[in-house]
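Participant: Sharing a structure here in structure tokens format.
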Amino acid sequence: MHGQLIAELSGRPLSVIRILRGQDPFMQKNVPKYTPPWVRTIRLWAESSRREVSYALCDDRRTLLWFANQRAVEYHPTLTVAGQWDRPDYLVLDIDPPSGGEFRPAVLAAQLIREALSGCGLAGAVKTSGAKGVHVFVPITGAAPEDAAAATRAVAARAERLDPVLTTTAFIREDRDGKVFLDSTRAGGATVVAAYSPRIRPGVPVSFPLSWDELDQVTPADFTVRTAAQLITPGARWAGQLPPPQQLPADLIAEGHTIPIARVQAMHEGKRRARARRTPAAGRPPEADRG
């Protein structure tokens with residue numbers, strides 16, 4: 001299975017989730033100072049931390065084994081190849097059922113994404129997230145990062161309109177009302193857990209590629225570090241299921257640019273709600289003035 005995983009990681013700046021004895025899991029982006037010199041790295045500016053970060057490029061078995069020896073369990077590559085930042089390779093829809101929910105609603109939501117894609121002449125492939133949800137990958141070509149992000153928002157919005165009772169694009173968790181969340185924020189410099197990567201979950205499940213016909217016959221728990229290797233057929237299963245790169249329709253991009261960026265909208269809405277909680281209701285004295 002390591003060969004298939006390396007194929008997903010090769011050439012892409014990598015973040016990993018490690019779990020050390022006696023500690024909580026943590027995500028590592030910047031490689032440690034003791035990283036061997038034969039591990040390929042690339043330095044990128046991180047806007048959030050306002051510094052350069054040295055990311056690893058896991059291009060071979062030796063590097064993957066080194067990460068494994070560092071107790072790296074999860075592998076999260078970028079959606080673009082190093083040095084090709086203006087050419088994202090995929091749209092990704094991350095389908096997240098509500099906490100404690102069954103897998104079946106995520107399957108139904110994935111089928112809505114497939115229908116929305118088909119309606120604009122696009123096709124995608126599907127894999128379990130390795131947690132409780134599903135990832136739909138759409139190979140693309142010729143799109144600027146901001147247009148790819150816009151198209152991702154538009155696909156999610158179109159799928160939500162197909163069944164607003166089942167699904168939602170609401171980024172703020174308290175606004176989801178127990179619906180399946182269609183997360184369109186995996187764009188730009190975002191990372192997504194790689195196909196064939198283990199996850200830090202009970203049973204150590206693996207993010208596993210499926211055909212669309214298989215999706216409603218399985219659960220994420222069917223694919224673990226103990227079972228996944230035996231389920232992989234010869235060849236690159238995931239790469240074989242992905243359709244060729246596709247041009248994004250102009251109307252899809254245009255629609256997406258009318259949809260607010262979810263994280264930005266959620267940030268402003270969170271600040272608005274915080275202000276509302278701090279402001280006493282009209283006609284009522286502040287708590288400190290009561291008495």
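For the structure tokens, the naming scheme is as follows: chains receive sequential letters (A, B, ...) according to their order of presentation, residues are indexed from 1 within each chain, and ligands are indexed from 1 in presentation order.
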What lies within 10 Å of Gly256 in chain A using only C-alpha atoms, ignoring chain neighbours under 4 positions off, as a PyMOL selection string?
Facilitator: chain A and resi 146-157+250-252+260-261
Participant: Store the residues of this selection in a file with C-alpha atoms, as a PDB file, in the first residue's frame.
Facilitator:
ATOM      1  CA  GLU A 146      -9.522  31.818  -6.889  1.00  0.00           C
ATOM      2  CA  ASP A 147     -11.672  30.436  -9.733  1.00  0.00           C
ATOM      3  CA  ALA A 148     -11.248  26.865  -8.495  1.00  0.00           C
ATOM      4  CA  ALA A 149     -12.306  27.975  -5.016  1.00  0.00           C
ATOM      5  CA  ALA A 150     -15.331  29.776  -6.472  1.00  0.00           C
ATOM      6  CA  ALA A 151     -16.354  26.727  -8.503  1.00  0.00           C
ATOM      7  CA  THR A 152     -16.118  24.556  -5.385  1.00  0.00           C
ATOM      8  CA  ARG A 153     -18.521  26.890  -3.567  1.00  0.00           C
ATOM      9  CA  ALA A 154     -20.915  26.815  -6.522  1.00  0.00           C
ATOM     10  CA  VAL A 155     -20.952  22.999  -6.683  1.00  0.00           C
ATOM     11  CA  ALA A 156     -21.744  22.816  -2.969  1.00  0.00           C
ATOM     12  CA  ALA A 157     -24.512  25.403  -3.340  1.00  0.00           C
ATOM     13  CA  ALA A 250     -17.530  29.712 -16.945  1.00  0.00           C
ATOM     14  CA  ASP A 251     -21.033  29.890 -15.458  1.00  0.00           C
ATOM     15  CA  LEU A 252     -19.997  27.709 -12.512  1.00  0.00           C
ATOM     16  CA  PRO A 260     -19.195  34.626   0.068  1.00  0.00           C
ATOM     17  CA  ILE A 261     -16.085  32.755   1.175  1.00  0.00           C
TER      18      ILE A 261
END
Participant: Hey, could you make a per-residue contact list for range 168-254 of chain A against range 11-23 of chain A with 12 Å as the cut-off, showing the nearest pair of atoms and its distance in Å to one decimal, counting only C-alpha atoms, sorted by chain and number, as a tab-separated table?
Facilitator:
residue	atom	partner	partner_atom	distance
A:Gly189	CA	A:Pro13	CA	9.9
A:Ala190	CA	A:Ser15	CA	10.3
A:Thr191	CA	A:Ser15	CA	7.8
A:Val192	CA	A:Ser15	CA	9.5
A:Val193	CA	A:Val16	CA	9.1
A:Ala194	CA	A:Leu14	CA	10.0
A:Ser197	CA	A:Val16	CA	10.1
A:Pro198	CA	A:Ile17	CA	10.1
A:Arg199	CA	A:Ile17	CA	8.8
A:Ile200	CA	A:Ile17	CA	8.3
A:Arg201	CA	A:Ile19	CA	11.6
Participant: With N, CA and C atoms retained, write the just-selected residues as a PDB file, in the first residue's frame.
Facilitator:
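What follows is the written file out-v1.pdb:
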ATOM      1  N   GLY A 189      -4.578  27.037  -0.568  1.00  0.00           N
ATOM      2  CA  GLY A 189      -3.462  26.347   0.075  1.00  0.00           C
ATOM      3  C   GLY A 189      -3.888  25.260   1.039  1.00  0.00           C
ATOM      4  N   ALA A 190      -5.146  24.863   0.990  1.00  0.00           N
ATOM      5  CA  ALA A 190      -5.648  23.857   1.921  1.00  0.00           C
ATOM      6  C   ALA A 190      -5.030  22.491   1.654  1.00  0.00           C
ATOM      7  N   THR A 191      -5.075  21.653   2.666  1.00  0.00           N
ATOM      8  CA  THR A 191      -4.651  20.267   2.524  1.00  0.00           C
ATOM      9  C   THR A 191      -5.850  19.364   2.747  1.00  0.00           C
ATOM     10  N   VAL A 192      -5.765  18.144   2.225  1.00  0.00           N
ATOM     11  CA  VAL A 192      -6.794  17.125   2.432  1.00  0.00           C
ATOM     12  C   VAL A 192      -6.079  15.810   2.700  1.00  0.00           C
ATOM     13  N   VAL A 193      -6.597  15.036   3.631  1.00  0.00           N
ATOM     14  CA  VAL A 193      -5.953  13.756   3.923  1.00  0.00           C
ATOM     15  C   VAL A 193      -5.881  12.921   2.651  1.00  0.00           C
ATOM     16  N   ALA A 194      -4.729  12.317   2.419  1.00  0.00           N
ATOM     17  CA  ALA A 194      -4.471  11.588   1.182  1.00  0.00           C
ATOM     18  C   ALA A 194      -5.227  10.268   1.150  1.00  0.00           C
ATOM     19  N   SER A 197      -4.179   7.129   3.391  1.00  0.00           N
ATOM     20  CA  SER A 197      -3.600   7.552   4.661  1.00  0.00           C
ATOM     21  C   SER A 197      -4.412   6.997   5.823  1.00  0.00           C
ATOM     22  N   PRO A 198      -3.742   6.471   6.866  1.00  0.00           N
ATOM     23  CA  PRO A 198      -4.462   6.131   8.105  1.00  0.00           C
ATOM     24  C   PRO A 198      -4.979   7.397   8.781  1.00  0.00           C
ATOM     25  N   ARG A 199      -5.916   7.213   9.696  1.00  0.00           N
ATOM     26  CA  ARG A 199      -6.451   8.306  10.496  1.00  0.00           C
ATOM     27  C   ARG A 199      -6.327   7.951  11.975  1.00  0.00           C
ATOM     28  N   ILE A 200      -6.186   8.964  12.800  1.00  0.00           N
ATOM     29  CA  ILE A 200      -6.106   8.738  14.245  1.00  0.00           C
ATOM     30  C   ILE A 200      -7.529   8.659  14.780  1.00  0.00           C
ATOM     31  N   ARG A 201      -8.098   7.496  14.651  1.00  0.00           N
ATOM     32  CA  ARG A 201      -9.458   7.203  15.088  1.00  0.00           C
ATOM     33  C   ARG A 201      -9.471   5.785  15.652  1.00  0.00           C
TER      34      ARG A 201
END
Participant: For range 20-138 of chain A versus range 207-217 of chain A, which residues have an atom no more than 7 Å away, and what is each residue's nearest atom pair and distance in Å rounded to one decimal, using only C-alpha atoms, chain-then-number order, as JSON lines?
Facilitator:
{"residue": "A:Val107", "atom": "CA", "partner": "A:Asp216", "partner_atom": "CA", "distance": 6.2}
{"residue": "A:Val126", "atom": "CA", "partner": "A:Leu210", "partner_atom": "CA", "distance": 5.9}
{"residue": "A:Lys127", "atom": "CA", "partner": "A:Pro209", "partner_atom": "CA", "distance": 4.0}
{"residue": "A:Thr128", "atom": "CA", "partner": "A:Ser207", "partner_atom": "CA", "distance": 5.1}
{"residue": "A:Ser129", "atom": "CA", "partner": "A:Ser207", "partner_atom": "CA", "distance": 4.8}
{"residue": "A:Gly130", "atom": "CA", "partner": "A:Ser207", "partner_atom": "CA", "distance": 4.0}
Participant: Please produce, as CSV, a per-residue contact table for range 203-254 of chain A versus range 57-80 of chain A (criterion: any atom at most 12 Å away, only C-alpha atoms considered), showing the nearest atom pair and its distance in Å to one decimal, sorted by chain then residue number.
Facilitator:
residue,atom,partner,partner_atom,distance
A:Val204,CA,A:Val73,CA,9.0
A:Pro205,CA,A:Glu74,CA,10.4
A:Val206,CA,A:Glu74,CA,9.2
A:Ser207,CA,A:Glu74,CA,9.7
A:Val225,CA,A:Val73,CA,10.5
Participant: In Å, with one decimal, what is the gap from CA of Gln230 in chain A to CA of Gly3 in chain A?
Facilitator: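 Computed distance, CA of Gln230 in chain A to CA of Gly3 in chain A, equals 13.7 Å.
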